[in-house]
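These notes concern the structure reproduced below.
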Amino acid sequence: MTPSSPRSGPFRSVLYVPGDKLRAIEKARTLEADAVILDLEDAVAPEFKAQARENVREALQTPWRVPVLVRVNGLGSEWAHDDRELALTAGAAGLVLPKVEDAHSVHALSLGLPLWAMIETPRGVLSAPAIAAVPGVAGLLVGTNDLARALRSRPHPDRLPLLHALSAVVLAARAAGKLPLDAVHNDVRDPDGFARECEQGRTLGFAGKTVIHPGQIAAANAAFGVSDAEAAEAHALIAAWDEARAQGRSVAPHRGALVEQMHVDEAQDTLRLWEGTRGEGGE
Ligand SMILES: CC(C)(COP(=O)(O)OP(=O)(O)OC[C@H]1O[C@@H](n2cnc3c(N)ncnc32)[C@H](O)[C@@H]1OP(=O)(O)O)[C@@H](O)C(=O)NCCC(=O)NCCSC(=O)C[C@H](O)C(=O)O
Ligand SMILES: [Mg+2]
């Protein structure tokens, strides 16, 4: 399979892997995530930054089955320059920039590599439409750990305090034709909570979820993928539409509901995702 581009996907699951954990980097090659982010930022303590950079360079020398992006340290940090050089020269498919707060700083980067901008501060949320509109930006990732801290919000099982921000990111990304990717779920031993959060993210309009542990990948792939039943339903809707159009009707009734052109377009999107991910860690 040719790795998909950070601009297109599918990206049902995007796995963060700490750059200083060699075993996890090797294991990531064997997993069913749709993309991998090798992390040099918050998962790596200051004393391991340089070693992590070398690990990432080494890891990128052998081809991967999926796109591999590098999360660099923040632009103002002492590591930013070396991280960026690494991402540009080592063969990363894209760069993940944390704590993006304005479009200007992203414009100024002018990387020549697709960039996923992390929206994880209040200013970032408020600037998300402008950030998403920058041509080099291919996607927006939410970082709810940093965001919750900055908002002084409290944890809530339904992410209630974060809902406005989550929707704002989806809105900004979709308006610009970019990918919105949902935040991580910290408790890697909470499959029920994780599945609920995936379902919520998909309902809000996210294209996929960022994950931090191998055990979260299958559930994200299922939630953001297309089941055989959903594909069959999409086929049935398109058949109902084709039949109605052949009879000269402009709209079609299907299972008691109105079907118009946009529903057909949506069903076709569903089938494209189904075709693109069948047998690859979905249902
Ligand atoms: C969360 C963890 C610290 C849990 O670690 P641990 O308890 O050691 O995991 P396990 O023993 O269950 O691991 C089992 C095997 O799986 C491999 N593994 C674990 N995690 C990963 C991974 N992310 N990628 C690939 N492989 C992984 C282990 O090596 C074991 O393998 P084996 O030897 O074969 O048994 C840990 O999962 C972890 O460190 N996760 C990543 C954390 C991370 O990347 N954090 C940064 C990104 S999230 C973030 O920054 C949030 C955002 O910015 C925000 O603001 O919200
Ligand atoms: Mg963060």
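FYI, nothing fancy with the structure tokens labels: chains A, B, ... in order, residues from 1 per chain, ligands from 1 as they appear.
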Could I get the residues of chain A with an atom no further than 12 Å from an atom of ligand 2, each paired with its nearest atom pair and that distance in Å to one decimal, using only C-alpha atoms and all ligand atoms, sorted by chain and residue number, as JSON lines?
{"residue": "A:Tyr16", "atom": "CA", "partner": "ligand 2", "partner_atom_place_in_ligand_line": "1 (Mg)", "distance": 11.6}
{"residue": "A:Asp39", "atom": "CA", "partner": "ligand 2", "partner_atom_place_in_ligand_line": "1 (Mg)", "distance": 10.9}
{"residue": "A:Leu40", "atom": "CA", "partner": "ligand 2", "partner_atom_place_in_ligand_line": "1 (Mg)", "distance": 11.7}
{"residue": "A:Glu41", "atom": "CA", "partner": "ligand 2", "partner_atom_place_in_ligand_line": "1 (Mg)", "distance": 8.4}
{"residue": "A:Asp42", "atom": "CA", "partner": "ligand 2", "partner_atom_place_in_ligand_line": "1 (Mg)", "distance": 6.8}
{"residue": "A:Ala43", "atom": "CA", "partner": "ligand 2", "partner_atom_place_in_ligand_line": "1 (Mg)", "distance": 9.4}
{"residue": "A:Arg71", "atom": "CA", "partner": "ligand 2", "partner_atom_place_in_ligand_line": "1 (Mg)", "distance": 10.4}
{"residue": "A:Val72", "atom": "CA", "partner": "ligand 2", "partner_atom_place_in_ligand_line": "1 (Mg)", "distance": 11.4}
{"residue": "A:Asn73", "atom": "CA", "partner": "ligand 2", "partner_atom_place_in_ligand_line": "1 (Mg)", "distance": 10.4}
{"residue": "A:Gly74", "atom": "CA", "partner": "ligand 2", "partner_atom_place_in_ligand_line": "1 (Mg)", "distance": 10.2}
{"residue": "A:Val96", "atom": "CA", "partner": "ligand 2", "partner_atom_place_in_ligand_line": "1 (Mg)", "distance": 11.1}
{"residue": "A:Leu97", "atom": "CA", "partner": "ligand 2", "partner_atom_place_in_ligand_line": "1 (Mg)", "distance": 10.0}
{"residue": "A:Pro98", "atom": "CA", "partner": "ligand 2", "partner_atom_place_in_ligand_line": "1 (Mg)", "distance": 6.5}
{"residue": "A:Lys99", "atom": "CA", "partner": "ligand 2", "partner_atom_place_in_ligand_line": "1 (Mg)", "distance": 6.9}
{"residue": "A:Val100", "atom": "CA", "partner": "ligand 2", "partner_atom_place_in_ligand_line": "1 (Mg)", "distance": 10.3}
{"residue": "A:Ala117", "atom": "CA", "partner": "ligand 2", "partner_atom_place_in_ligand_line": "1 (Mg)", "distance": 11.2}
{"residue": "A:Met118", "atom": "CA", "partner": "ligand 2", "partner_atom_place_in_ligand_line": "1 (Mg)", "distance": 7.7}
{"residue": "A:Ile119", "atom": "CA", "partner": "ligand 2", "partner_atom_place_in_ligand_line": "1 (Mg)", "distance": 8.5}
{"residue": "A:Glu120", "atom": "CA", "partner": "ligand 2", "partner_atom_place_in_ligand_line": "1 (Mg)", "distance": 6.2}
{"residue": "A:Thr121", "atom": "CA", "partner": "ligand 2", "partner_atom_place_in_ligand_line": "1 (Mg)", "distance": 8.8}
{"residue": "A:Gly124", "atom": "CA", "partner": "ligand 2", "partner_atom_place_in_ligand_line": "1 (Mg)", "distance": 11.9}
{"residue": "A:Leu141", "atom": "CA", "partner": "ligand 2", "partner_atom_place_in_ligand_line": "1 (Mg)", "distance": 9.8}
{"residue": "A:Val142", "atom": "CA", "partner": "ligand 2", "partner_atom_place_in_ligand_line": "1 (Mg)", "distance": 8.3}
{"residue": "A:Gly143", "atom": "CA", "partner": "ligand 2", "partner_atom_place_in_ligand_line": "1 (Mg)", "distance": 4.8}
{"residue": "A:Thr144", "atom": "CA", "partner": "ligand 2", "partner_atom_place_in_ligand_line": "1 (Mg)", "distance": 7.0}
{"residue": "A:Asn145", "atom": "CA", "partner": "ligand 2", "partner_atom_place_in_ligand_line": "1 (Mg)", "distance": 5.8}
{"residue": "A:Asp146", "atom": "CA", "partner": "ligand 2", "partner_atom_place_in_ligand_line": "1 (Mg)", "distance": 4.8}
{"residue": "A:Leu147", "atom": "CA", "partner": "ligand 2", "partner_atom_place_in_ligand_line": "1 (Mg)", "distance": 7.6}
{"residue": "A:Ala148", "atom": "CA", "partner": "ligand 2", "partner_atom_place_in_ligand_line": "1 (Mg)", "distance": 9.9}
{"residue": "A:Arg149", "atom": "CA", "partner": "ligand 2", "partner_atom_place_in_ligand_line": "1 (Mg)", "distance": 9.9}
{"residue": "A:Ala150", "atom": "CA", "partner": "ligand 2", "partner_atom_place_in_ligand_line": "1 (Mg)", "distance": 10.7}
{"residue": "A:Ala183", "atom": "CA", "partner": "ligand 2", "partner_atom_place_in_ligand_line": "1 (Mg)", "distance": 9.3}
{"residue": "A:Val184", "atom": "CA", "partner": "ligand 2", "partner_atom_place_in_ligand_line": "1 (Mg)", "distance": 9.6}
{"residue": "A:Asn186", "atom": "CA", "partner": "ligand 2", "partner_atom_place_in_ligand_line": "1 (Mg)", "distance": 11.8}
{"residue": "A:Thr210", "atom": "CA", "partner": "ligand 2", "partner_atom_place_in_ligand_line": "1 (Mg)", "distance": 11.7}
Can you spit out the residues from that selection as a JSON list (two decimals), in the first residue's frame, using C-alpha atoms?
[["chain", "number", "residue", "atom", "x", "y", "z"],
["A", 16, "TYR", "CA", 1.64, 9.25, 19.12],
["A", 39, "ASP", "CA", 6.91, 12.89, 19.34],
["A", 40, "LEU", "CA", 9.77, 15.14, 20.37],
["A", 41, "GLU", "CA", 7.62, 17.44, 22.52],
["A", 42, "ASP", "CA", 5.71, 16.65, 25.71],
["A", 43, "ALA", "CA", 6.33, 12.89, 25.80],
["A", 71, "ARG", "CA", 5.85, 16.56, 16.46],
["A", 72, "VAL", "CA", 8.48, 19.21, 17.06],
["A", 73, "ASN", "CA", 8.94, 21.32, 20.16],
["A", 74, "GLY", "CA", 7.26, 24.74, 20.26],
["A", 96, "VAL", "CA", 3.06, 18.55, 13.81],
["A", 97, "LEU", "CA", 3.39, 21.95, 15.44],
["A", 98, "PRO", "CA", 2.18, 22.24, 19.05],
["A", 99, "LYS", "CA", 0.34, 25.15, 20.67],
["A", 100, "VAL", "CA", -0.30, 27.13, 17.49],
["A", 117, "ALA", "CA", -1.38, 22.50, 13.64],
["A", 118, "MET", "CA", -2.24, 21.68, 17.25],
["A", 119, "ILE", "CA", -5.04, 23.74, 18.72],
["A", 120, "GLU", "CA", -4.58, 23.51, 22.48],
["A", 121, "THR", "CA", -4.83, 27.00, 23.92],
["A", 124, "GLY", "CA", -5.50, 28.86, 19.32],
["A", 141, "LEU", "CA", -5.32, 18.44, 15.97],
["A", 142, "VAL", "CA", -6.90, 19.18, 19.30],
["A", 143, "GLY", "CA", -4.80, 18.92, 22.45],
["A", 144, "THR", "CA", -7.26, 18.78, 25.31],
["A", 145, "ASN", "CA", -4.69, 18.28, 28.07],
["A", 146, "ASP", "CA", -3.11, 21.66, 27.46],
["A", 147, "LEU", "CA", -6.44, 23.24, 26.62],
["A", 148, "ALA", "CA", -8.16, 22.07, 29.81],
["A", 149, "ARG", "CA", -5.29, 23.41, 31.86],
["A", 150, "ALA", "CA", -5.39, 26.79, 30.14],
["A", 183, "ALA", "CA", -7.71, 14.72, 21.05],
["A", 184, "VAL", "CA", -6.22, 11.84, 23.05],
["A", 186, "ASN", "CA", -5.43, 9.69, 28.65],
["A", 210, "THR", "CA", -5.21, 10.76, 18.07]]
### Task
Taking the DSSP assignment computed from this structure's backbone, write out as a ChimeraX atom specification all residues of range 18-163 of chain A that belong to alpha helix (DSSP H).
/A:22-28,49-59,80-89,103-109,122-126,128-133,144-151,163
### Message
Could you pull out the strand (DSSP E) residues of range 28-203 of chain A, going by DSSP on the backbone, and write them as a PyMOL selection string?
### Response
chain A and resi 35-39+68-71+94-97+115-119+137-142+179-182
### Task
Please provide the set of residues having any atom within 6 Å of Gly208 in chain A, restricted to only C-alpha atoms, with same-chain residues fewer than 4 positions apart removed, written as number ranges by chain.
A: 11-13, 181, 224
### Selected residue of minimal separation from Val17 in chain A among A:Thr89, A:Asn55, A:Ser127, A:Ser227, counting only C-alpha atoms
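Ranking A:Thr89, A:Asn55, A:Ser127, A:Ser227 by distance to Val17 in chain A, first place goes to A:Asn55.
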### Task
Give me the residues within 10 Å of Ala93 in chain A as number ranges by chain, counting only C-alpha atoms and dropping any in the same chain fewer than 3 places off.
A: 3-7, 35-37, 60, 66-70, 87-88, 90, 113-115
Output file for the selection above: C-alpha atoms, as a PDB file, in the first residue's frame:
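Final output, selection04.pdb:
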ATOM      1  CA  PRO A   3       1.190   5.656   2.338  1.00  0.00           C
ATOM      2  CA  SER A   4      -1.592   8.233   2.139  1.00  0.00           C
ATOM      3  CA  SER A   5      -0.629  11.890   2.327  1.00  0.00           C
ATOM      4  CA  PRO A   6      -1.115  13.980   5.505  1.00  0.00           C
ATOM      5  CA  ARG A   7      -3.499  15.995   3.345  1.00  0.00           C
ATOM      6  CA  ALA A  35      -0.647   7.405  10.735  1.00  0.00           C
ATOM      7  CA  VAL A  36       2.103   7.795  13.306  1.00  0.00           C
ATOM      8  CA  ILE A  37       3.383  10.907  15.052  1.00  0.00           C
ATOM      9  CA  LEU A  60      12.671   7.492   9.247  1.00  0.00           C
ATOM     10  CA  VAL A  66       1.705   4.722   6.811  1.00  0.00           C
ATOM     11  CA  PRO A  67       2.580   8.425   6.891  1.00  0.00           C
ATOM     12  CA  VAL A  68       4.917   9.331   9.734  1.00  0.00           C
ATOM     13  CA  LEU A  69       4.877  12.900  11.018  1.00  0.00           C
ATOM     14  CA  VAL A  70       7.174  14.467  13.598  1.00  0.00           C
ATOM     15  CA  ALA A  87      11.704  16.920  10.186  1.00  0.00           C
ATOM     16  CA  LEU A  88      12.689  18.629   6.932  1.00  0.00           C
ATOM     17  CA  ALA A  90      14.946  13.050   7.523  1.00  0.00           C
ATOM     18  CA  LEU A 113       6.028  19.941   4.200  1.00  0.00           C
ATOM     19  CA  PRO A 114       2.377  19.429   5.127  1.00  0.00           C
ATOM     20  CA  LEU A 115       1.724  20.690   8.624  1.00  0.00           C
TER      21      LEU A 115
END
### Message
Quick check, in Å to one decimal: how far apart do CA of Thr270 in chain A and CA of Gly225 in chain A lie?
### Response
8.7 Å
### Query
Given the choices A:Glu233, A:Ala246, A:Ala218, A:Arg159, which gets closest to Gly201 in chain A if the distance is worked out from only C-alpha atoms?
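Using only C-alpha atoms, Gly201 in chain A sits closest to A:Arg159.
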### Message
Residues within 9 Å of Ser250 in chain A, please, as a ChimeraX atom specification. Count only C-alpha atoms; anything in the same chain fewer than 3 positions from it doesn't count.
### Response
/A:241,244-245,260-261
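Taking only C-alpha atoms and all ligand atoms into account, ligand 1 lies nearest to A:Asp190 out of the set A:Asp83, A:Asp228, A:Asp190, A:Asp102.
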